[in-house]
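Inspection log for the structure reproduced underneath, given as structure tokens.
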Amino acid sequence: MRLGDIAQRLHGRLEGDPDIDIVRVAGIEQAQPGDLTFVANPKYLAHLQATRASAVIVGTPVTVPAGAPAIIRCEHPYMAFAQAVSLFVQQAPPPVGIDRLAAVGSDVTVGEQVSIGPFVTIGAGASVGARTIVYPNVVIAPGATVGDDCVIHSQASIRERVQVGHRVVLQDGVVIGSDGFGFVKQPDGAHFKIPQHADVVIEDDVEIGANTTIDRPAVGETRIGAGSKIDNLVQIGHGVSIGRRVLLAAQVGIAGSTVIEDDVVLAGQVGVAGHIRVGKGVVATGQTGLTGSIAPGEFVSGCPEMPNRDWLKASAVFRQLPELKKRVADLEQRLRELEDRRE
Amino acid sequence: MRLGDIAQRLHGRLEGDPDIDIVRVAGIEQAQPGDLTFVANPKYLAHLQATRASAVIVGTPVTVPAGAPAIIRCEHPYMAFAQAVSLFVQQAPPPVGIDRLAAVGSDVTVGEQVSIGPFVTIGAGASVGARTIVYPNVVIAPGATVGDDCVIHSQASIRERVQVGHRVVLQDGVVIGSDGFGFVKQPDGAHFKIPQHADVVIEDDVEIGANTTIDRPAVGETRIGAGSKIDNLVQIGHGVSIGRRVLLAAQVGIAGSTVIEDDVVLAGQVGVAGHIRVGKGVVATGQTGLTGSIAPGEFVSGCPEMPNRDWLKASAVFRQLPELKKRVADLEQRLRELEDRRE
Amino acid sequence: MRLGDIAQRLHGRLEGDPDIDIVRVAGIEQAQPGDLTFVANPKYLAHLQATRASAVIVGTPVTVPAGAPAIIRCEHPYMAFAQAVSLFVQQAPPPVGIDRLAAVGSDVTVGEQVSIGPFVTIGAGASVGARTIVYPNVVIAPGATVGDDCVIHSQASIRERVQVGHRVVLQDGVVIGSDGFGFVKQPDGAHFKIPQHADVVIEDDVEIGANTTIDRPAVGETRIGAGSKIDNLVQIGHGVSIGRRVLLAAQVGIAGSTVIEDDVVLAGQVGVAGHIRVGKGVVATGQTGLTGSIAPGEFVSGCPEMPNRDWLKASAVFRQLPELKKRVADLEQRLRELEDRRE
């Protein structure tokens, strides 16, 4: 693709030869001649002199070092990079239609131009919206609804009566609507199962990562808000409510009935207790254990959680604890000597 | 359903109009007119005045505030709630029989009234007990046995010769009998695979959550005891023995050859080292890292684990470590001054 | 099998009756008459007097207590145990050929003696090498390549254009090539998806555990080095590079663009931040949170990570923090008294 054409499609300002032929988008350290790369963070500008890339996307105000390759200046260079990646994707969509090896139940509604692969099971009364792609070996259970323009990857399981909105992406092996973990302990110690048959709602523009599981509750609903993005191997307990534009990194676990408000960001392996409220815009670093409700806007770490600044400082002292203990013992010894002399 | 009929079926005492029409069971804060709700924990009794529910299940000794809706008094209100939920479940079971799109191997035994969905694979010599439901796209490998009245949800994989008892529920994507993680490091650093072909036994009345994995060992067996309940995304290593009525919350991981005794409760994301014994009735809070054997009845937290009380107290001081360090430095300074003056 | 024959096949020296009939390999505590067991760690030699096993594999220099059963002496007893287990595996491989219920796309290449089970989907242009076994309900997407002598267990999903080497084992439910978690936050707070269409390469002799997920990146590649072994429910983020002979225990999570060098060992539930480098031979204990790059050969624990020795010592003091705080308060009180007396 001509560099000049790329610059135009990214609404960027080109500094260099518009006729350079770009064949790929690459990271700045891996880039080869023919590649377009990017620098979104000014601290990586030094790489510009060493890169083998043929062209680089940078921010508008940035000063480029001498010897840099051709430059496309964009207001939002990271966004421009994402768009550049899109330009080079050559992905043939799967064929439109219902594969003859799919098992489609009675009273199933499918929109126009759906693509349904082999060994897909769609239960009675389910519906699949227009232009949605259902990859091979997916199960959509009776009464479930999937909206328009969704992509459901292989081995996903959408359980009975689950409601999935429009433009939702489910990666491979996702489970939505499995039974919540709800049991009543009986006098003899046995666990009586509370039937888990209530609703799960996945709103529009949600993406859910591979092998993530989202449980259904006994009463009420489990809900994932519009535009939220969930990574792989995440557990969403029954009756959890996730707000809009939330980001949950891989292996996060959220226990039952907890509310995660809009714009929360939980890093990898964060655990969240049940029946709490995590306020709008809260950010938690990796492996944080949230044990109680958190006010909006907090930035937290540790288990139990605390402000990230406090955790960083306390962790620095933690490493020195053996020395601190020695200093206390030394103080005790010296103080005892002083006291003894006084007597 | 008439409220009077519900009270009778829950063996509860009704205080209110038996002709109220109940359409749903709901949580006390979400409940609407027409809903039945419950209060199991007395501290939520205050909600009774504000609830829009038409009726509430409460405990027998409880004093209900004025203005509360109709009341059903039950000895075990949480258990009664679970039963009430059951009354409103309208789940049509899948059709009895073997779907014509299932692949059933030679010498497979199936009990009466089984339901086996499309794209289910059942290997040679396997057996499926009476009234068991096998949802679409499940794989039951050669020689595996599944008992009576089980429910095996979609995308589950039951590997060769795994033994599953009666009334077992496997949620979607469960893997039972995958190869344990057993390798011998060779002199050149390469890892030689120890074949993992021994047994896995899932006893009666076990439930296993979505995408949970249970490994088979090289020798001996992996066993899940009767009545134990395992949540989603849990890892059970090879040769692990889980007792009866154990509860493992989501994302718990148990390394190889460990023994978990009866009635243990591990909260979410707990990690358990290999080759240890966790005593009967031990409870561990979320994210606990169990590194050594634990005596029966202990309540533990932290990594490495310690009594929960000690952990709570130590964690409270952890936050104050920077201040504690300053106090020690201040003591040192003042003591030095005292010592200097003495000389 | 005759004990004499076993000894010969293990290249061991037999001390005892070569005509003993061995029917099974077992752990030393579970072993019964007719069983062969092993002691690799000298500290378990005491078990030899009590074992019911008919024969035991031990190291060459070991002194065996009186009353022990027949002995096979081997230079590497744990390796000999692994080989002994292999001798007793009676696993019928699935039938060679492509099941008539598989869906094989156009231009698919399959090697000789492949075994492809029912409800397997192989997309257009994909290839499967010689003698590779693809168990039921696996999906191999268009353009993916799987090498020779691989074993792909049920419910696995190998996404488009993923490259899998020779002798690779994928346990059930593995997902390779799912979209990386890459989004650009837009001015209105919405997350724009960066297309994730670059490469994933699984080198030769890799094993990947059940329900583990390996993401593909937007640019560059995700790579798992030759001979590395990954346990169940592990998350490998997009653009991660794993070296050779690496061991990742269950539920480890590695965030995007991180480099794990050769021979690293991460125990269960370890979390690794993105964009860092974990040096050759690093070992991290369970639940460690690696937040920054680690020099080769380090042995680390804790979150944030620190040398294991320091962590053990600091953790020991952590438990005593309430007492340490009291000692500091006591010092302050006594010092104040001394100071007061001076005035």
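If you're wondering about the labels, chains in the structure tokens are A, B, ... by order shown, residues count from 1 in each chain, ligands from 1 in order shown.
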
Tell me, as a list in words, which residues lie within 8 Å of region 31-47 of chain B, counting only C-alpha atoms; anything in the same chain fewer than 2 positions away does not count.
Ile20, Asp21, Ile22, Val23, Arg24, Val25, Ala26, Gly27, Ile28, Glu29, Gln49, Ala50, Thr51, Arg52, Ala53, Ser54, Ala55, Val56, Ile57, Val58, Gly59, Val62, Val64, Pro65, His76, Pro77, Tyr78 and Phe81 of chain B

For the residues in the current selection, export N, CA and C atoms as a PDB file, in the first residue's frame.
```pdb
ATOM      1  N   ILE B  20     -53.056 -13.843  47.411  1.00  0.00           N
ATOM      2  CA  ILE B  20     -52.113 -13.020  46.628  1.00  0.00           C
ATOM      3  C   ILE B  20     -51.489 -13.885  45.545  1.00  0.00           C
ATOM      4  N   ASP B  21     -51.405 -13.323  44.314  1.00  0.00           N
ATOM      5  CA  ASP B  21     -50.833 -14.069  43.194  1.00  0.00           C
ATOM      6  C   ASP B  21     -49.346 -13.746  43.083  1.00  0.00           C
ATOM      7  N   ILE B  22     -48.520 -14.764  43.276  1.00  0.00           N
ATOM      8  CA  ILE B  22     -47.063 -14.591  43.195  1.00  0.00           C
ATOM      9  C   ILE B  22     -46.599 -15.080  41.827  1.00  0.00           C
ATOM     10  N   VAL B  23     -45.776 -14.251  41.156  1.00  0.00           N
ATOM     11  CA  VAL B  23     -45.335 -14.618  39.801  1.00  0.00           C
ATOM     12  C   VAL B  23     -43.844 -14.919  39.705  1.00  0.00           C
ATOM     13  N   ARG B  24     -43.076 -14.599  40.763  1.00  0.00           N
ATOM     14  CA  ARG B  24     -41.627 -14.691  40.646  1.00  0.00           C
ATOM     15  C   ARG B  24     -40.996 -14.656  42.028  1.00  0.00           C
ATOM     16  N   VAL B  25     -39.807 -15.169  42.173  1.00  0.00           N
ATOM     17  CA  VAL B  25     -39.001 -14.989  43.381  1.00  0.00           C
ATOM     18  C   VAL B  25     -37.912 -13.980  43.038  1.00  0.00           C
ATOM     19  N   ALA B  26     -37.629 -13.037  43.942  1.00  0.00           N
ATOM     20  CA  ALA B  26     -36.663 -11.977  43.637  1.00  0.00           C
ATOM     21  C   ALA B  26     -35.894 -11.587  44.885  1.00  0.00           C
ATOM     22  N   GLY B  27     -34.751 -10.929  44.709  1.00  0.00           N
ATOM     23  CA  GLY B  27     -33.987 -10.348  45.807  1.00  0.00           C
ATOM     24  C   GLY B  27     -34.761  -9.196  46.408  1.00  0.00           C
ATOM     25  N   ILE B  28     -34.537  -8.899  47.685  1.00  0.00           N
ATOM     26  CA  ILE B  28     -35.387  -7.952  48.402  1.00  0.00           C
ATOM     27  C   ILE B  28     -35.293  -6.540  47.826  1.00  0.00           C
ATOM     28  N   GLU B  29     -34.136  -6.170  47.266  1.00  0.00           N
ATOM     29  CA  GLU B  29     -33.997  -4.812  46.748  1.00  0.00           C
ATOM     30  C   GLU B  29     -34.549  -4.679  45.327  1.00  0.00           C
ATOM     31  N   GLN B  49     -39.621  -2.812  55.350  1.00  0.00           N
ATOM     32  CA  GLN B  49     -40.560  -1.695  55.243  1.00  0.00           C
ATOM     33  C   GLN B  49     -40.543  -1.069  53.857  1.00  0.00           C
ATOM     34  N   ALA B  50     -39.382  -1.125  53.201  1.00  0.00           N
ATOM     35  CA  ALA B  50     -39.234  -0.439  51.910  1.00  0.00           C
ATOM     36  C   ALA B  50     -39.502  -1.355  50.716  1.00  0.00           C
ATOM     37  N   THR B  51     -39.486  -2.664  50.921  1.00  0.00           N
ATOM     38  CA  THR B  51     -39.583  -3.573  49.773  1.00  0.00           C
ATOM     39  C   THR B  51     -40.922  -3.424  49.064  1.00  0.00           C
ATOM     40  N   ARG B  52     -40.884  -3.588  47.741  1.00  0.00           N
ATOM     41  CA  ARG B  52     -42.114  -3.550  46.956  1.00  0.00           C
ATOM     42  C   ARG B  52     -42.683  -4.959  46.767  1.00  0.00           C
ATOM     43  N   ALA B  53     -41.979  -5.968  47.316  1.00  0.00           N
ATOM     44  CA  ALA B  53     -42.431  -7.351  47.169  1.00  0.00           C
ATOM     45  C   ALA B  53     -43.818  -7.541  47.763  1.00  0.00           C
ATOM     46  N   SER B  54     -44.541  -8.518  47.245  1.00  0.00           N
ATOM     47  CA  SER B  54     -45.875  -8.829  47.761  1.00  0.00           C
ATOM     48  C   SER B  54     -45.828  -9.736  48.978  1.00  0.00           C
ATOM     49  N   ALA B  55     -44.708 -10.475  49.145  1.00  0.00           N
ATOM     50  CA  ALA B  55     -44.600 -11.389  50.282  1.00  0.00           C
ATOM     51  C   ALA B  55     -43.135 -11.675  50.558  1.00  0.00           C
ATOM     52  N   VAL B  56     -42.856 -12.020  51.825  1.00  0.00           N
ATOM     53  CA  VAL B  56     -41.469 -12.227  52.255  1.00  0.00           C
ATOM     54  C   VAL B  56     -41.381 -13.478  53.116  1.00  0.00           C
ATOM     55  N   ILE B  57     -40.371 -14.293  52.863  1.00  0.00           N
ATOM     56  CA  ILE B  57     -40.060 -15.428  53.728  1.00  0.00           C
ATOM     57  C   ILE B  57     -39.128 -14.938  54.824  1.00  0.00           C
ATOM     58  N   VAL B  58     -39.483 -15.200  56.081  1.00  0.00           N
ATOM     59  CA  VAL B  58     -38.611 -14.840  57.209  1.00  0.00           C
ATOM     60  C   VAL B  58     -38.494 -16.027  58.151  1.00  0.00           C
ATOM     61  N   GLY B  59     -37.564 -15.910  59.118  1.00  0.00           N
ATOM     62  CA  GLY B  59     -37.399 -16.958  60.115  1.00  0.00           C
ATOM     63  C   GLY B  59     -38.556 -16.962  61.112  1.00  0.00           C
ATOM     64  N   VAL B  62     -38.643 -14.152  64.200  1.00  0.00           N
ATOM     65  CA  VAL B  62     -38.321 -12.788  63.819  1.00  0.00           C
ATOM     66  C   VAL B  62     -39.489 -11.830  64.069  1.00  0.00           C
ATOM     67  N   VAL B  64     -41.371  -8.697  62.832  1.00  0.00           N
ATOM     68  CA  VAL B  64     -41.500  -8.009  61.552  1.00  0.00           C
ATOM     69  C   VAL B  64     -41.964  -6.579  61.790  1.00  0.00           C
ATOM     70  N   PRO B  65     -41.308  -5.588  61.155  1.00  0.00           N
ATOM     71  CA  PRO B  65     -41.723  -4.198  61.370  1.00  0.00           C
ATOM     72  C   PRO B  65     -43.101  -3.922  60.764  1.00  0.00           C
ATOM     73  N   HIS B  76     -36.140 -22.522  58.417  1.00  0.00           N
ATOM     74  CA  HIS B  76     -34.884 -22.236  57.726  1.00  0.00           C
ATOM     75  C   HIS B  76     -35.191 -21.359  56.513  1.00  0.00           C
ATOM     76  N   PRO B  77     -35.211 -20.037  56.702  1.00  0.00           N
ATOM     77  CA  PRO B  77     -35.703 -19.171  55.613  1.00  0.00           C
ATOM     78  C   PRO B  77     -34.860 -19.244  54.339  1.00  0.00           C
ATOM     79  N   TYR B  78     -33.547 -19.465  54.469  1.00  0.00           N
ATOM     80  CA  TYR B  78     -32.721 -19.517  53.255  1.00  0.00           C
ATOM     81  C   TYR B  78     -33.029 -20.780  52.466  1.00  0.00           C
ATOM     82  N   PHE B  81     -36.278 -20.298  50.785  1.00  0.00           N
ATOM     83  CA  PHE B  81     -36.074 -19.488  49.583  1.00  0.00           C
ATOM     84  C   PHE B  81     -35.634 -20.381  48.417  1.00  0.00           C
TER      85      PHE B  81
END
```

Run DSSP on the backbone and grab whatever in region 138-339 of chain A lands in alpha helix (DSSP H); send it over as a ChimeraX atom specification.
/A:308-319,321-339

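Residues in contact range of Gly243 (chain C), defined as at most 7 Å between only C-alpha atoms, with sequence neighbours fewer than 3 positions away removed, read Ile224, Gly225, Val246, Ile260, Glu261 and Asp262 of chain C.
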
Any chance you can output those residues with C-alpha atoms as a PDB file, in the first residue's frame?
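Printed below is part_34.pdb as written:
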```pdb
ATOM      1  CA  ILE C 224       6.041 -20.728  22.759  1.00  0.00           C
ATOM      2  CA  GLY C 225       9.570 -22.142  22.576  1.00  0.00           C
ATOM      3  CA  VAL C 246      10.019 -23.290  30.289  1.00  0.00           C
ATOM      4  CA  ILE C 260      10.171 -15.336  29.361  1.00  0.00           C
ATOM      5  CA  GLU C 261      13.646 -16.695  28.683  1.00  0.00           C
ATOM      6  CA  ASP C 262      14.713 -20.356  28.517  1.00  0.00           C
TER       7      ASP C 262
END
```

Would you kindly return, as a ChimeraX atom specification, each protein, DNA or RNA residue with an atom no farther than 8 Å from any atom of Glu112 (chain C), considering only C-alpha atoms and excluding same-chain residues fewer than 5 positions away?
/C:129-131

Residues as selected, N, CA, C and O atoms, written as a tab-separated table (two decimals), in the first residue's frame, can you do that?
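To be explicit, this is the file written out as part-v4.tsv:
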```
chain	number	residue	atom	x	y	z
C	129	GLY	N	-0.26	-32.82	10.23
C	129	GLY	CA	0.88	-33.66	9.87
C	129	GLY	C	0.65	-35.15	10.11
C	129	GLY	O	-0.36	-35.58	10.68
C	130	ALA	N	1.63	-35.92	9.71
C	130	ALA	CA	1.55	-37.38	9.77
C	130	ALA	C	1.40	-37.87	11.20
C	130	ALA	O	2.02	-37.35	12.13
C	131	ARG	N	0.60	-38.90	11.34
C	131	ARG	CA	0.40	-39.60	12.62
C	131	ARG	C	-0.19	-38.71	13.72
C	131	ARG	O	-0.21	-39.10	14.89
```

Could you work out how far CA of Val139 (chain B) lies from CA of Ala126 (chain C), giving the answer in Å with one decimal?
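Separation between CA of Ala126 (chain C) and CA of Val139 (chain B): 23.3 Å.
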
Would you please work out which residue, of B:His275, B:Arg216, B:Arg159, B:Lys325, is nearest to chain A when using only C-alpha atoms?
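Of the candidates, the smallest distance to chain A is held by B:Lys325.
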
Using only C-alpha atoms, find which residues of chain B lie within 8 Å of chain A and jot them down as an MDAnalysis selection string.
chainID B and resid 25:27 30 78:79 82:83 85:86 89 118:119 136:137 154:155 171:173 209:211 227 231:233 245 249:251 263 268:269 286:287 315 318:322 325 328 331:332 335 339

Mind checking which residues fall within 7 Å of Val128 (chain C), counting only C-alpha atoms, ignoring those fewer than 3 positions away in the same chain, and posting them as number ranges by chain?
C: 109-111, 132, 145-147

Those same residues - all heavy atoms - I'd like them written as a PDB file, in the first residue's frame.
```
ATOM      1  N   THR C 109      -4.595 -30.230   3.853  1.00  0.00           N
ATOM      2  CA  THR C 109      -3.554 -31.244   3.663  1.00  0.00           C
ATOM      3  C   THR C 109      -3.468 -32.103   4.922  1.00  0.00           C
ATOM      4  O   THR C 109      -3.332 -31.552   6.016  1.00  0.00           O
ATOM      5  CB  THR C 109      -2.176 -30.577   3.464  1.00  0.00           C
ATOM      6  OG1 THR C 109      -2.322 -29.548   2.490  1.00  0.00           O
ATOM      7  CG2 THR C 109      -1.128 -31.584   3.055  1.00  0.00           C
ATOM      8  N   VAL C 110      -3.558 -33.412   4.758  1.00  0.00           N
ATOM      9  CA  VAL C 110      -3.357 -34.263   5.941  1.00  0.00           C
ATOM     10  C   VAL C 110      -2.256 -35.273   5.637  1.00  0.00           C
ATOM     11  O   VAL C 110      -2.173 -35.816   4.529  1.00  0.00           O
ATOM     12  CB  VAL C 110      -4.636 -35.018   6.381  1.00  0.00           C
ATOM     13  CG1 VAL C 110      -5.710 -34.033   6.813  1.00  0.00           C
ATOM     14  CG2 VAL C 110      -5.142 -35.957   5.325  1.00  0.00           C
ATOM     15  N   GLY C 111      -1.407 -35.522   6.639  1.00  0.00           N
ATOM     16  CA  GLY C 111      -0.310 -36.461   6.491  1.00  0.00           C
ATOM     17  C   GLY C 111      -0.810 -37.897   6.588  1.00  0.00           C
ATOM     18  O   GLY C 111      -1.991 -38.154   6.846  1.00  0.00           O
ATOM     19  N   THR C 132      -0.624 -37.539  13.391  1.00  0.00           N
ATOM     20  CA  THR C 132      -1.247 -36.676  14.401  1.00  0.00           C
ATOM     21  C   THR C 132      -2.662 -37.165  14.706  1.00  0.00           C
ATOM     22  O   THR C 132      -3.387 -37.603  13.813  1.00  0.00           O
ATOM     23  CB  THR C 132      -1.240 -35.212  13.903  1.00  0.00           C
ATOM     24  OG1 THR C 132       0.084 -34.705  14.079  1.00  0.00           O
ATOM     25  CG2 THR C 132      -2.227 -34.344  14.648  1.00  0.00           C
ATOM     26  N   THR C 145      -1.678 -24.623  10.801  1.00  0.00           N
ATOM     27  CA  THR C 145      -0.873 -25.798  10.489  1.00  0.00           C
ATOM     28  C   THR C 145      -0.539 -26.528  11.783  1.00  0.00           C
ATOM     29  O   THR C 145      -0.151 -25.916  12.772  1.00  0.00           O
ATOM     30  CB  THR C 145       0.448 -25.426   9.785  1.00  0.00           C
ATOM     31  OG1 THR C 145       1.215 -24.609  10.669  1.00  0.00           O
ATOM     32  CG2 THR C 145       0.188 -24.662   8.501  1.00  0.00           C
ATOM     33  N   VAL C 146      -0.709 -27.843  11.744  1.00  0.00           N
ATOM     34  CA  VAL C 146      -0.372 -28.701  12.881  1.00  0.00           C
ATOM     35  C   VAL C 146       0.632 -29.720  12.358  1.00  0.00           C
ATOM     36  O   VAL C 146       0.400 -30.337  11.306  1.00  0.00           O
ATOM     37  CB  VAL C 146      -1.625 -29.400  13.427  1.00  0.00           C
ATOM     38  CG1 VAL C 146      -1.260 -30.355  14.563  1.00  0.00           C
ATOM     39  CG2 VAL C 146      -2.660 -28.378  13.892  1.00  0.00           C
ATOM     40  N   GLY C 147       1.750 -29.898  13.082  1.00  0.00           N
ATOM     41  CA  GLY C 147       2.837 -30.737  12.603  1.00  0.00           C
ATOM     42  C   GLY C 147       2.581 -32.236  12.749  1.00  0.00           C
ATOM     43  O   GLY C 147       1.443 -32.678  12.951  1.00  0.00           O
TER      44      GLY C 147
END
```

Coordinates-based distance that separates CA of Ile152 (chain C) from CA of Asp99 (chain C) (Å, one decimal):
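A separation of 15.0 Å between them.
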
All strand (DSSP E) residues (DSSP, backbone) inside region 42-276 of chain B, as a ChimeraX atom specification:
/B:55-59,70-74,97-98,103-104,109-110,115-116,121-122,127-128,133-134,139-140,145-146,151-152,157-158,163-164,169-170,175-179,183-185,191-193,199-202,207-208,213-216,221-224,229-230,235-236,241-242,247-248,253-254,259-260,265-266,271-272

Excluding same-chain residues fewer than 5 positions from Ile294 (chain B), what lies within 7 Å of it counting only C-alpha atoms, as a list of chain:residue names?
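That gives B:Arg277, B:Val278, B:Gly279.
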